[in-house]
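Peer 1: Data: coords02.txt, compact mmCIF, C-alpha atoms.
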# COMPACT_ATOMS: atom_id res chain seq x y z
CA MET N 1 20.94 -69.80 52.25
CA ILE N 2 19.11 -68.28 55.20
CA LEU N 3 18.38 -65.07 53.27
CA GLU N 4 17.26 -67.03 50.21
CA ARG N 5 14.87 -69.11 52.31
CA TYR N 6 13.56 -65.98 54.01
CA ILE N 7 12.86 -64.27 50.68
CA ALA N 8 11.27 -67.43 49.24
CA GLY N 9 9.09 -67.83 52.34
CA ASN N 10 7.82 -64.26 52.08
CA LEU N 11 7.16 -64.75 48.39
CA VAL N 12 5.01 -67.80 49.05
CA LYS N 13 3.14 -65.93 51.79
CA GLY N 14 2.42 -63.10 49.35
CA TRP N 15 1.01 -65.53 46.80
CA LEU N 16 -1.17 -67.23 49.41
CA LEU N 17 -2.45 -63.87 50.68
CA VAL N 18 -3.47 -62.67 47.24
CA MET N 19 -4.94 -66.09 46.40
CA LEU N 20 -7.10 -66.00 49.53
CA VAL N 21 -8.30 -62.46 48.79
CA LEU N 22 -9.13 -63.18 45.14
CA GLY N 23 -10.61 -66.56 46.09
CA ALA N 24 -12.93 -64.90 48.60
CA VAL N 25 -13.99 -62.23 46.10
CA PHE N 26 -14.59 -64.54 43.14
CA GLY N 27 -16.10 -67.22 45.35
CA LEU N 28 -18.64 -64.78 46.78
CA ILE N 29 -19.49 -63.43 43.32
CA GLY N 30 -19.91 -66.95 41.95
CA PHE N 31 -22.04 -68.03 44.91
CA VAL N 32 -24.40 -65.06 44.55
CA GLN N 33 -24.73 -65.57 40.78
CA GLU N 34 -25.36 -69.30 41.17
CA LEU N 35 -28.15 -68.71 43.69
CA ASP N 36 -30.28 -67.53 40.75
CA HIS N 37 -30.14 -71.07 39.31
CA THR N 38 -31.42 -73.00 42.33
CA ARG N 39 -34.02 -75.60 41.39
CA PHE N 40 -35.45 -78.79 42.94
CA ASP N 41 -32.73 -80.27 45.20
CA TYR N 42 -30.17 -77.72 44.04
CA ASN N 43 -30.43 -75.46 47.11
CA ALA N 44 -28.14 -72.92 48.79
CA LEU N 45 -26.05 -75.65 50.43
CA ALA N 46 -25.53 -77.36 47.07
CA VAL N 47 -24.64 -73.99 45.54
CA GLY N 48 -21.97 -73.52 48.22
CA ARG N 49 -20.50 -76.94 47.45
CA TYR N 50 -20.52 -76.24 43.72
CA THR N 51 -18.81 -72.87 44.24
CA LEU N 52 -16.04 -74.41 46.34
CA PHE N 53 -15.41 -77.15 43.78
CA VAL N 54 -15.15 -74.81 40.77
CA LEU N 55 -13.14 -72.15 42.62
CA PRO N 56 -9.75 -73.94 42.17
CA GLN N 57 -10.20 -73.81 38.38
CA GLN N 58 -10.85 -70.07 38.59
CA LEU N 59 -7.79 -69.53 40.76
CA VAL N 60 -5.59 -71.51 38.35
CA SER N 61 -6.83 -69.28 35.53
CA LEU N 62 -5.88 -66.26 37.65
CA ALA N 63 -2.43 -67.65 38.46
CA PRO N 64 -0.48 -65.01 36.46
CA VAL N 65 -2.29 -62.18 38.26
CA ILE N 66 -1.88 -63.92 41.63
CA ALA N 67 1.83 -64.40 40.99
CA LEU N 68 2.29 -60.77 39.96
CA LEU N 69 0.36 -59.19 42.83
CA GLY N 70 1.64 -61.69 45.40
CA SER N 71 5.25 -61.05 44.41
CA ILE N 72 4.72 -57.29 44.59
CA VAL N 73 3.10 -57.59 48.02
CA ALA N 74 5.97 -59.73 49.34
CA LEU N 75 8.92 -57.82 47.89
CA ALA N 76 7.44 -54.35 48.41
CA SER N 77 6.79 -55.23 52.07
CA LEU N 78 10.43 -56.26 52.48
CA ASP N 79 11.58 -53.08 50.76
CA ARG N 80 9.25 -50.85 52.79
CA SER N 81 10.73 -52.21 56.03
CA ASN N 82 14.25 -51.71 54.57
CA GLU N 83 14.99 -55.42 54.79
CA LEU N 84 16.01 -55.59 51.15
CA THR N 85 18.32 -52.63 51.68
CA VAL N 86 20.00 -54.43 54.58
CA MET N 87 20.31 -57.58 52.48
CA SER N 88 21.88 -55.64 49.64
CA CYS N 89 24.35 -53.93 51.97
CA SER N 90 25.25 -57.26 53.57
CA GLY N 91 26.42 -58.61 50.21
CA LEU N 92 23.35 -60.31 48.76
CA SER N 93 23.93 -60.05 45.02
CA ARG N 94 21.27 -59.59 42.40
CA ALA N 95 21.96 -63.12 41.15
CA ARG N 96 21.30 -64.56 44.63
CA LEU N 97 18.10 -62.50 44.89
CA LEU N 98 16.86 -63.83 41.56
CA ARG N 99 17.83 -67.37 42.56
CA ALA N 100 15.86 -67.04 45.80
CA ILE N 101 12.86 -65.90 43.77
CA ALA N 102 13.33 -68.51 41.02
CA ILE N 103 13.22 -71.61 43.24
CA PRO N 104 9.67 -71.15 44.63
CA THR N 105 8.56 -69.84 41.23
CA LEU N 106 9.68 -73.03 39.49
CA LEU N 107 7.88 -75.09 42.12
CA LEU N 108 4.74 -73.02 41.57
CA MET N 109 4.98 -73.55 37.81
CA ALA N 110 5.28 -77.33 38.25
CA LEU N 111 2.35 -77.30 40.70
CA LEU N 112 0.19 -75.47 38.16
CA TRP N 113 0.89 -78.06 35.45
CA LEU N 114 -0.03 -80.84 37.86
CA CYS N 115 -3.23 -79.04 38.92
CA MET N 116 -4.35 -78.49 35.32
CA GLU N 117 -3.86 -82.17 34.55
CA TYR N 118 -4.91 -83.99 37.72
CA VAL N 119 -6.70 -81.69 40.19
CA THR N 120 -8.93 -78.92 38.84
CA PRO N 121 -10.56 -80.77 35.87
CA PRO N 122 -11.85 -83.68 38.04
CA LEU N 123 -13.14 -81.20 40.61
CA GLN N 124 -14.89 -79.19 37.90
CA GLN N 125 -16.40 -82.31 36.34
CA SER N 126 -17.57 -83.59 39.72
CA ALA N 127 -19.15 -80.24 40.55
CA GLU N 128 -20.94 -80.00 37.19
CA ALA N 129 -22.19 -83.60 37.38
CA HIS N 130 -23.50 -83.09 40.94
CA ARG N 131 -25.19 -79.82 40.02
CA HIS N 132 -26.96 -81.28 36.97
CA ALA N 133 -28.01 -84.36 38.94
CA LEU N 134 -29.69 -82.16 41.57
CA ARG N 135 -31.20 -79.71 39.10
CA TYR N 136 -32.50 -82.32 36.64
CA ARG N 137 -33.31 -85.12 39.10
CA ASN N 138 -30.39 -87.44 38.22
CA GLN N 139 -30.80 -87.11 34.45
CA ILE N 140 -27.78 -85.30 33.13
CA ARG N 141 -28.57 -83.60 29.85
CA ILE N 142 -25.92 -81.96 27.74
CA PRO N 143 -26.81 -78.25 27.50
CA ASP N 144 -27.56 -76.27 24.32
CA GLY N 145 -29.17 -79.14 22.45
CA GLY N 146 -26.38 -81.66 22.84
CA VAL N 147 -23.09 -82.09 20.98
CA TRP N 148 -22.47 -82.60 17.26
CA SER N 149 -19.42 -84.17 15.65
CA LYS N 150 -18.42 -84.67 12.00
CA ASN N 151 -16.24 -87.38 10.47
CA GLY N 152 -16.11 -87.09 6.69
CA ASN N 153 -19.68 -87.56 5.47
CA ARG N 154 -20.81 -88.87 8.85
CA TYR N 155 -22.53 -86.68 11.47
CA ILE N 156 -23.09 -87.74 15.09
CA HIS N 157 -25.32 -86.11 17.67
CA LEU N 158 -25.11 -86.90 21.39
CA ASP N 159 -28.04 -85.61 23.42
CA LYS N 160 -27.63 -87.09 26.91
CA MET N 161 -25.00 -88.14 29.40
CA HIS N 162 -26.43 -90.50 32.02
CA LYS N 163 -24.94 -91.37 35.38
CA ASN N 164 -21.38 -92.79 35.32
CA GLY N 165 -20.72 -91.20 31.93
CA VAL N 166 -23.01 -93.43 29.85
CA PRO N 167 -23.97 -91.64 26.60
CA GLY N 168 -27.63 -91.69 25.59
CA ASP N 169 -29.95 -90.63 22.78
CA ILE N 170 -27.31 -90.96 20.06
CA ASP N 171 -28.08 -90.15 16.42
CA LEU N 172 -25.80 -90.91 13.48
CA PHE N 173 -26.30 -89.81 9.87
CA GLU N 174 -24.24 -90.82 6.85
CA PHE N 175 -24.36 -89.15 3.42
CA ASP N 176 -22.87 -89.98 0.04
CA ASP N 177 -20.77 -87.56 -2.02
CA ALA N 178 -23.94 -86.23 -3.65
CA GLY N 179 -25.36 -85.27 -0.29
CA ARG N 180 -28.02 -88.01 -0.15
CA LEU N 181 -28.78 -89.66 3.16
CA THR N 182 -27.61 -93.29 3.00
CA ARG N 183 -27.86 -94.31 6.65
CA ALA N 184 -29.49 -93.08 9.84
CA LEU N 185 -29.10 -94.60 13.32
CA HIS N 186 -30.62 -93.93 16.69
CA ALA N 187 -29.28 -95.68 19.80
CA GLU N 188 -30.64 -95.40 23.31
CA THR N 189 -27.23 -95.88 25.00
CA ALA N 190 -23.70 -97.01 24.16
CA LYS N 191 -20.65 -98.65 25.72
CA VAL N 192 -17.45 -96.74 25.05
CA SER N 193 -13.99 -98.30 24.58
CA LYS N 194 -10.61 -96.62 24.94
CA ASP N 195 -9.91 -97.07 21.22
CA ARG N 196 -12.90 -94.77 20.41
CA THR N 197 -15.11 -97.72 19.48
CA TRP N 198 -18.74 -97.43 20.59
CA LEU N 199 -21.09 -100.37 21.01
CA PHE N 200 -24.53 -98.89 20.28
CA GLN N 201 -27.37 -100.54 22.23
CA ARG N 202 -31.04 -100.88 21.26
CA VAL N 203 -30.49 -99.44 17.80
CA ARG N 204 -33.01 -98.34 15.15
CA GLU N 205 -31.41 -98.12 11.69
CA LYS N 206 -32.55 -96.76 8.34
CA LEU N 207 -30.39 -97.89 5.43
CA LEU N 208 -30.64 -96.83 1.78
CA VAL N 209 -31.02 -100.00 -0.35
CA ASP N 210 -31.81 -99.71 -4.07
CA GLY N 211 -33.03 -96.17 -3.62
CA LYS N 212 -35.30 -97.00 -0.67
CA LEU N 213 -34.76 -96.56 3.07
CA VAL N 214 -35.09 -99.91 4.84
CA ASN N 215 -35.84 -100.06 8.57
CA ARG N 216 -33.79 -102.40 10.76
CA ARG N 217 -33.38 -103.01 14.47
CA HIS N 218 -30.23 -104.17 16.29
CA THR N 219 -29.65 -105.14 19.88
CA GLU N 220 -26.06 -103.96 19.53
CA LEU N 221 -24.10 -102.31 16.72
CA GLN N 222 -20.42 -101.31 16.69
CA ILE N 223 -19.33 -97.87 15.44
CA THR N 224 -15.70 -96.74 15.34
CA ASN N 225 -13.86 -93.42 15.71
CA LEU N 226 -16.12 -91.53 18.09
CA TRP N 227 -15.38 -89.76 21.39
CA SER N 228 -13.01 -91.44 23.85
CA PRO N 229 -13.98 -92.20 27.49
CA ASP N 230 -11.73 -89.37 28.74
CA GLU N 231 -13.43 -86.84 26.49
CA LEU N 232 -17.02 -87.74 27.35
CA PRO N 233 -17.17 -86.11 30.82
CA THR N 234 -15.84 -82.86 29.34
CA LEU N 235 -18.53 -82.51 26.68
CA THR N 236 -20.77 -80.68 29.17
CA LEU N 237 -17.90 -78.34 30.10
CA ASP N 238 -16.10 -75.44 28.51
CA SER N 239 -12.75 -76.22 26.88
CA ASP N 240 -11.00 -74.30 29.68
CA SER N 241 -12.05 -77.05 32.09
CA MET N 242 -10.52 -79.96 30.16
CA ARG N 243 -7.34 -81.74 31.21
CA LEU N 244 -4.24 -80.88 29.18
CA SER N 245 -3.93 -84.40 27.78
CA VAL N 246 -7.63 -84.51 26.83
CA LEU N 247 -7.43 -81.11 25.17
CA ARG N 248 -4.49 -82.27 23.09
CA SER N 249 -6.03 -85.58 22.03
CA TYR N 250 -9.46 -84.04 21.35
CA SER N 251 -8.02 -81.24 19.21
CA GLN N 252 -6.06 -83.86 17.23
CA TYR N 253 -9.19 -86.00 16.86
CA ARG N 254 -11.12 -83.03 15.46
CA ALA N 255 -8.25 -82.18 13.09
CA ASP N 256 -8.06 -85.77 11.83
CA ASN N 257 -11.79 -85.70 11.08
CA GLY N 258 -11.78 -82.35 9.30
CA GLN N 259 -13.47 -80.45 12.12
CA PRO N 260 -12.43 -76.97 13.37
CA ASN N 261 -9.97 -77.44 16.21
CA ALA N 262 -8.46 -73.97 16.64
CA LYS N 263 -10.49 -73.33 19.81
CA TYR N 264 -9.28 -76.50 21.55
CA LEU N 265 -5.72 -76.33 20.26
CA GLY N 266 -5.49 -72.67 21.25
CA THR N 267 -6.82 -73.40 24.73
CA PHE N 268 -4.28 -76.23 25.06
CA TRP N 269 -1.35 -73.98 24.21
CA GLN N 270 -2.60 -71.14 26.40
CA LYS N 271 -2.93 -73.50 29.36
CA ILE N 272 0.36 -75.32 28.87
CA LEU N 273 2.24 -72.02 28.50
CA MET N 274 0.45 -70.35 31.41
CA PRO N 275 3.02 -71.46 34.05
CA LEU N 276 5.71 -69.80 31.91
CA THR N 277 3.60 -66.64 32.04
CA VAL N 278 3.54 -66.98 35.83
CA GLY N 279 7.34 -67.07 35.87
CA ALA N 280 7.48 -64.01 33.63
CA MET N 281 5.08 -62.14 35.94
CA VAL N 282 7.24 -62.89 38.99
CA LEU N 283 10.30 -61.59 37.14
CA LEU N 284 8.40 -58.43 36.18
CA ALA N 285 7.24 -57.90 39.75
CA THR N 286 10.83 -57.97 41.07
CA PRO N 287 12.05 -54.63 39.65
CA ILE N 288 8.62 -53.05 40.21
CA SER N 289 8.66 -53.73 43.95
CA ALA N 290 12.32 -54.33 44.91
CA ASN N 291 13.91 -51.37 43.14
CA LEU N 292 16.09 -49.96 45.92
CA GLY N 293 15.97 -46.21 46.25
CA ALA N 294 12.58 -45.89 44.58
CA ARG N 295 10.62 -46.20 47.83
CA ARG N 296 10.93 -42.47 48.48
CA ASP N 297 9.16 -41.76 45.23
CA ARG N 298 6.50 -44.41 45.33
CA SER N 299 4.10 -45.72 47.95
CA PHE N 300 3.27 -49.34 48.70
CA GLY N 301 -0.28 -48.81 47.44
CA LEU N 302 1.01 -47.44 44.15
CA ASP N 303 3.02 -50.61 43.62
CA ILE N 304 -0.12 -52.69 44.11
CA ALA N 305 -2.10 -50.45 41.76
CA LEU N 306 0.65 -50.69 39.15
CA GLY N 307 0.68 -54.48 39.47
CA ALA N 308 -3.11 -54.65 39.12
CA LEU N 309 -2.95 -52.43 36.04
CA VAL N 310 -0.27 -54.63 34.46
CA GLY N 311 -2.34 -57.74 35.23
CA ILE N 312 -5.49 -56.28 33.66
CA LEU N 313 -3.62 -55.04 30.59
CA PHE N 314 -1.93 -58.40 30.17
CA TYR N 315 -5.24 -60.27 30.36
CA LEU N 316 -6.94 -57.97 27.85
CA GLY N 317 -3.91 -57.91 25.57
CA ALA N 318 -3.58 -61.70 25.60
CA GLN N 319 -7.25 -62.11 24.65
CA ILE N 320 -6.92 -59.58 21.82
CA VAL N 321 -3.73 -61.18 20.48
CA PHE N 322 -5.25 -64.67 20.60
CA ALA N 323 -8.46 -63.53 18.88
CA LEU N 324 -6.46 -61.81 16.13
CA GLY N 325 -4.29 -64.90 15.76
CA GLN N 326 -7.36 -67.08 15.18
CA LEU N 327 -8.88 -64.52 12.82
CA LEU N 328 -5.70 -64.31 10.72
CA ASN N 329 -4.95 -68.06 10.96
CA LEU N 330 -1.54 -67.43 12.53
CA ASN N 331 0.59 -70.09 14.17
CA ILE N 332 -1.31 -71.00 17.36
CA PRO N 333 1.68 -71.88 19.62
CA LEU N 334 3.48 -68.67 18.61
CA VAL N 335 0.38 -66.54 19.17
CA SER N 336 -0.13 -68.13 22.60
CA LEU N 337 3.51 -67.50 23.50
CA ALA N 338 3.61 -63.88 22.26
CA PRO N 339 2.15 -62.17 25.41
CA THR N 340 4.56 -64.11 27.64
CA LEU N 341 7.51 -63.09 25.46
CA VAL N 342 6.47 -59.44 25.72
CA ILE N 343 6.34 -59.70 29.53
CA LEU N 344 9.76 -61.41 29.58
CA ILE N 345 11.30 -58.67 27.44
CA PHE N 346 9.94 -55.90 29.67
CA ALA N 347 11.05 -57.82 32.77
CA ALA N 348 14.57 -58.27 31.37
CA ILE N 349 14.87 -54.55 30.55
CA MET N 350 13.64 -53.50 33.99
CA LEU N 351 15.86 -56.03 35.75
CA HIS N 352 18.86 -54.67 33.84
CA ARG N 353 18.02 -51.13 34.99
CA MET N 354 17.12 -52.21 38.50
CA ARG N 355 18.91 -50.44 41.36
CA TRP N 356 20.59 -53.04 43.56
Output the structure of this file as structure tokens.
Peer 2:
Amino acid sequence: MILERYIAGNLVKGWLLVMLVLGAVFGLIGFVQELDHTRFDYNALAVGRYTLFVLPQQLVSLAPVIALLGSIVALASLDRSNELTVMSCSGLSRARLLRAIAIPTLLLMALLWLCMEYVTPPLQQSAEAHRHALRYRNQIRIPDGGVWSKNGNRYIHLDKMHKNGVPGDIDLFEFDDAGRLTRALHAETAKVSKDRTWLFQRVREKLLVDGKLVNRRHTELQITNLWSPDELPTLTLDSDSMRLSVLRSYSQYRADNGQPNAKYLGTFWQKILMPLTVGAMVLLATPISANLGARRDRSFGLDIALGALVGILFYLGAQIVFALGQLLNLNIPLVSLAPTLVILIFAAIMLHRMRW
């Protein structure tokens, strides 16, 4: 057990080292890029806060690369100092080595799922809300002209998100099967219920009656089957920043209403399978860096370069496979799983041929 704990401890240290290095690099790049967007109260100090809050989401997205490079750093360091050779000669079997690696890897995988659900999305949402409040003087406006949604012959446009997630400037249009406008609403704000029911407030309505549009005003008007309270804060964000549960429910909501949902469903499956990719990367790193007898032929730096190359190729390959899957309307879960399966196959082959 002592050797297993020692290997696991070094593995965790390798992950933390790579995470700190990549965090510093990407954090500095993000900070410099964000400085170009300073405005009003959104100054350099606010930019620093924003960068720190969005950095965890970036690191979670880089988890497969961090796991790969961190594992190579840890195991190659042990091999370079001949510690793995001593362990092998002392009777540490390959199965015990893999078990020592698997335990912290499983914990890392579980931690990633928890972070994607409970940690990084709230941080991202808080950072975006604070940035927009400072840049637009406490009026949070949804970028790119707001958000549109379709439900049958009904179209909804949401233009603003006020403080505390209160939607504002809401437009609703309803058409008949012939394409004629039968109803148009504009509400200043709305109260949102968990069952997707919205209570429009201060409403102006135009309703088609006997071929004529009649104007009406309502203090409050109830509309069903719109966005849920959990989905509202994410409308100003990219789908990569949504919680797993919100991604799933929102993609189902869009599918139920005949809207394209491949983007959200694909992001959901990519994110939920990402910890499995992390496990596959750790397995792949093991024969690359802990292959006894190969140290004479390969330097420590070459191992790192090989790991970086694999990480880059995996990222590019995964994006290409996913784009082709969407283009050809292939099964989204299978397409999302395909790059991980390829890594697992290569890792299994290399582990079988590994010198130990």
Peer 1: Do a neighbour search on range 271-278 of chain N at 9 Å with only C-alpha atoms, toss out local chain neighbours closer than 4 positions, and write the hits as a ChimeraX atom specification.
Peer 2: /N:61,63-68,105-106,108-113,116,240,244,266-267,282-283,333,336-337,339-341,343-344
Peer 1: Which residue gives the smallest distance to Ala308 in chain N among N:Leu45, N:Val18, N:Leu330, N:Cys115, with all atoms listed in the file counted?
Peer 2: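 Among N:Leu45, N:Val18, N:Leu330, N:Cys115, it is N:Val18 that comes nearest to Ala308 in chain N.
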Peer 1: Return the single residue from N:Pro104, N:Gly301, N:Gly48, N:Gly146 that is closest to Ile170 in chain N, with distances computed using only C-alpha atoms.
Peer 2: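 With only C-alpha atoms as the atom set, the closest residue is N:Gly146.
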Peer 1: In Å to one decimal, how far is CA of Ile332 in chain N from CA of Ile156 in chain N?
Peer 2: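 Distance between the two atoms: 27.6 Å.
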Peer 1: Given the choices N:Ser193, N:Arg96, N:Gln124, N:Thr224, which gets closest to Leu172 in chain N if the distance is worked out from all atoms listed in the file?
Peer 2: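 Smallest distance to Leu172 in chain N is found for N:Thr224.
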Peer 1: Looking at N:Leu3, N:Leu55, N:Val60, N:Ile103, which one is nearest to Met87 in chain N, with distances taken over all atoms listed in the file?
Peer 2: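 For Met87 in chain N, the nearest of the candidates is N:Leu3.
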Peer 1: Do a neighbour search on Ala187 in chain N at 7 Å with all atoms listed in the file, toss out local chain neighbours closer than 2 positions, and write the hits as number ranges by chain.
Peer 2: N: 169-171, 185, 189, 200-204
Peer 1: Can you work out the spacing between CA of Ala129 in chain N and CA of Phe26 in chain N in Å, to one decimal?
Peer 2: 21.3 Å
Peer 1: In Å to one decimal, how far is CA of Lys194 in chain N from CA of Asp256 in chain N?
Peer 2: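 Computing the Euclidean distance for CA of Asp256 in chain N and CA of Lys194 in chain N yields 17.2 Å.
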Peer 1: Which of these, N:Phe173, N:Asn225, N:Ile7, N:Leu207, has the shortest distance to Leu92 in chain N once you count only C-alpha atoms?
Peer 2: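 Selected residue with least distance to Leu92 in chain N: N:Ile7.
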Peer 1: Applying 12 Å and all atoms listed in the file, which residues near Gln252 in chain N remain after dropping the ones on its own chain fewer than 2 positions away? List them as a PyMOL selection string.
Peer 2: chain N and resi 227+245-250+254-266+268
Peer 1: Check the smallest atom-to-atom distance from each of N:Tyr253, N:Thr234, N:Arg353, N:Lys212 to Asp195 in chain N using all atoms listed in the file, then report the winner.
Peer 2: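 The closest residue to Asp195 in chain N is N:Tyr253.
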Peer 1: Please return the centre and edge lengths, in Å to one decimal, of a box with edges along x, y and z that contains all listed atoms of range 244-262 of chain N, widened by 4 Å on every side, as lines of an AutoDock Vina configuration file.
Peer 2:
center_x = -8.7
center_y = -80.0
center_z = 19.2
size_x = 17.5
size_y = 20.0
size_z = 27.9
Peer 1: For Val166 in chain N, find every residue with an atom within 7 Å (counting only C-alpha atoms), except residues of its own chain fewer than 4 positions away, and show them as a list in words.
Peer 2: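 Final neighbour list, sorted by chain and number: Met161, His162, Thr189 and Ala190 of chain N.
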Peer 1: Generate a file for range 223-247 of chain N, containing N, CA and C atoms, as a CSV table (one decimal), in the first residue's frame.
Peer 2:
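Okay, this is what ended up in selection-v7.csv:
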chain,number,residue,atom,x,y,z
N,223,ILE,N,-48.2,33.0,-19.6
N,223,ILE,CA,-47.8,32.3,-20.8
N,223,ILE,C,-47.1,31.1,-20.4
N,224,THR,N,-47.4,29.9,-21.0
N,224,THR,CA,-46.8,28.7,-20.6
N,224,THR,C,-45.7,28.2,-21.5
N,225,ASN,N,-44.9,27.3,-21.1
N,225,ASN,CA,-43.8,26.6,-21.8
N,225,ASN,C,-42.8,27.5,-22.4
N,226,LEU,N,-42.2,28.3,-21.6
N,226,LEU,CA,-41.0,29.1,-22.0
N,226,LEU,C,-39.8,28.6,-21.2
N,227,TRP,N,-38.8,29.5,-21.1
N,227,TRP,CA,-37.5,29.1,-20.4
N,227,TRP,C,-37.8,28.9,-18.9
N,228,SER,N,-37.0,27.9,-18.4
N,228,SER,CA,-37.1,27.7,-16.9
N,228,SER,C,-36.2,28.6,-16.2
N,229,PRO,N,-36.3,28.8,-14.8
N,229,PRO,CA,-35.4,29.7,-14.1
N,229,PRO,C,-34.0,29.3,-14.2
N,230,ASP,N,-33.7,28.0,-14.2
N,230,ASP,CA,-32.3,27.5,-14.3
N,230,ASP,C,-31.7,27.8,-15.6
N,231,GLU,N,-32.5,27.9,-16.7
N,231,GLU,CA,-31.9,28.2,-18.0
N,231,GLU,C,-31.7,29.6,-18.3
N,232,LEU,N,-32.4,30.5,-17.6
N,232,LEU,CA,-32.3,31.9,-17.9
N,232,LEU,C,-30.9,32.5,-17.7
N,233,PRO,N,-30.2,32.2,-16.5
N,233,PRO,CA,-28.9,32.8,-16.4
N,233,PRO,C,-27.9,32.4,-17.4
N,234,THR,N,-28.1,31.2,-18.1
N,234,THR,CA,-27.2,30.7,-19.1
N,234,THR,C,-27.4,31.3,-20.5
N,235,LEU,N,-28.5,32.0,-20.7
N,235,LEU,CA,-28.8,32.5,-22.0
N,235,LEU,C,-27.8,33.5,-22.5
N,236,THR,N,-27.0,34.2,-21.6
N,236,THR,CA,-26.0,35.1,-22.0
N,236,THR,C,-24.6,34.4,-22.2
N,237,LEU,N,-24.6,33.0,-22.0
N,237,LEU,CA,-23.4,32.3,-22.0
N,237,LEU,C,-23.4,31.3,-23.2
N,238,ASP,N,-22.2,30.8,-23.4
N,238,ASP,CA,-22.0,29.8,-24.4
N,238,ASP,C,-22.5,28.5,-23.8
N,239,SER,N,-22.9,27.5,-24.7
N,239,SER,CA,-23.4,26.2,-24.1
N,239,SER,C,-22.4,25.5,-23.3
N,240,ASP,N,-21.1,25.7,-23.6
N,240,ASP,CA,-20.1,25.1,-22.8
N,240,ASP,C,-20.1,25.5,-21.3
N,241,SER,N,-20.7,26.6,-21.0
N,241,SER,CA,-20.7,27.1,-19.6
N,241,SER,C,-22.0,26.7,-18.9
N,242,MET,N,-22.8,25.9,-19.5
N,242,MET,CA,-24.1,25.5,-18.8
N,242,MET,C,-23.8,24.3,-17.9
N,243,ARG,N,-24.6,24.1,-16.8
N,243,ARG,CA,-24.6,23.0,-16.0
N,243,ARG,C,-25.0,21.7,-16.8
N,244,LEU,N,-24.6,20.6,-16.4
N,244,LEU,CA,-25.0,19.3,-17.1
N,244,LEU,C,-26.5,19.1,-17.1
N,245,SER,N,-27.1,19.3,-15.9
N,245,SER,CA,-28.5,19.1,-15.8
N,245,SER,C,-29.3,20.1,-16.7
N,246,VAL,N,-28.8,21.4,-16.7
N,246,VAL,CA,-29.5,22.4,-17.5
N,246,VAL,C,-29.3,22.1,-19.0
N,247,LEU,N,-28.1,21.7,-19.4
N,247,LEU,CA,-27.9,21.3,-20.8
N,247,LEU,C,-28.9,20.2,-21.3
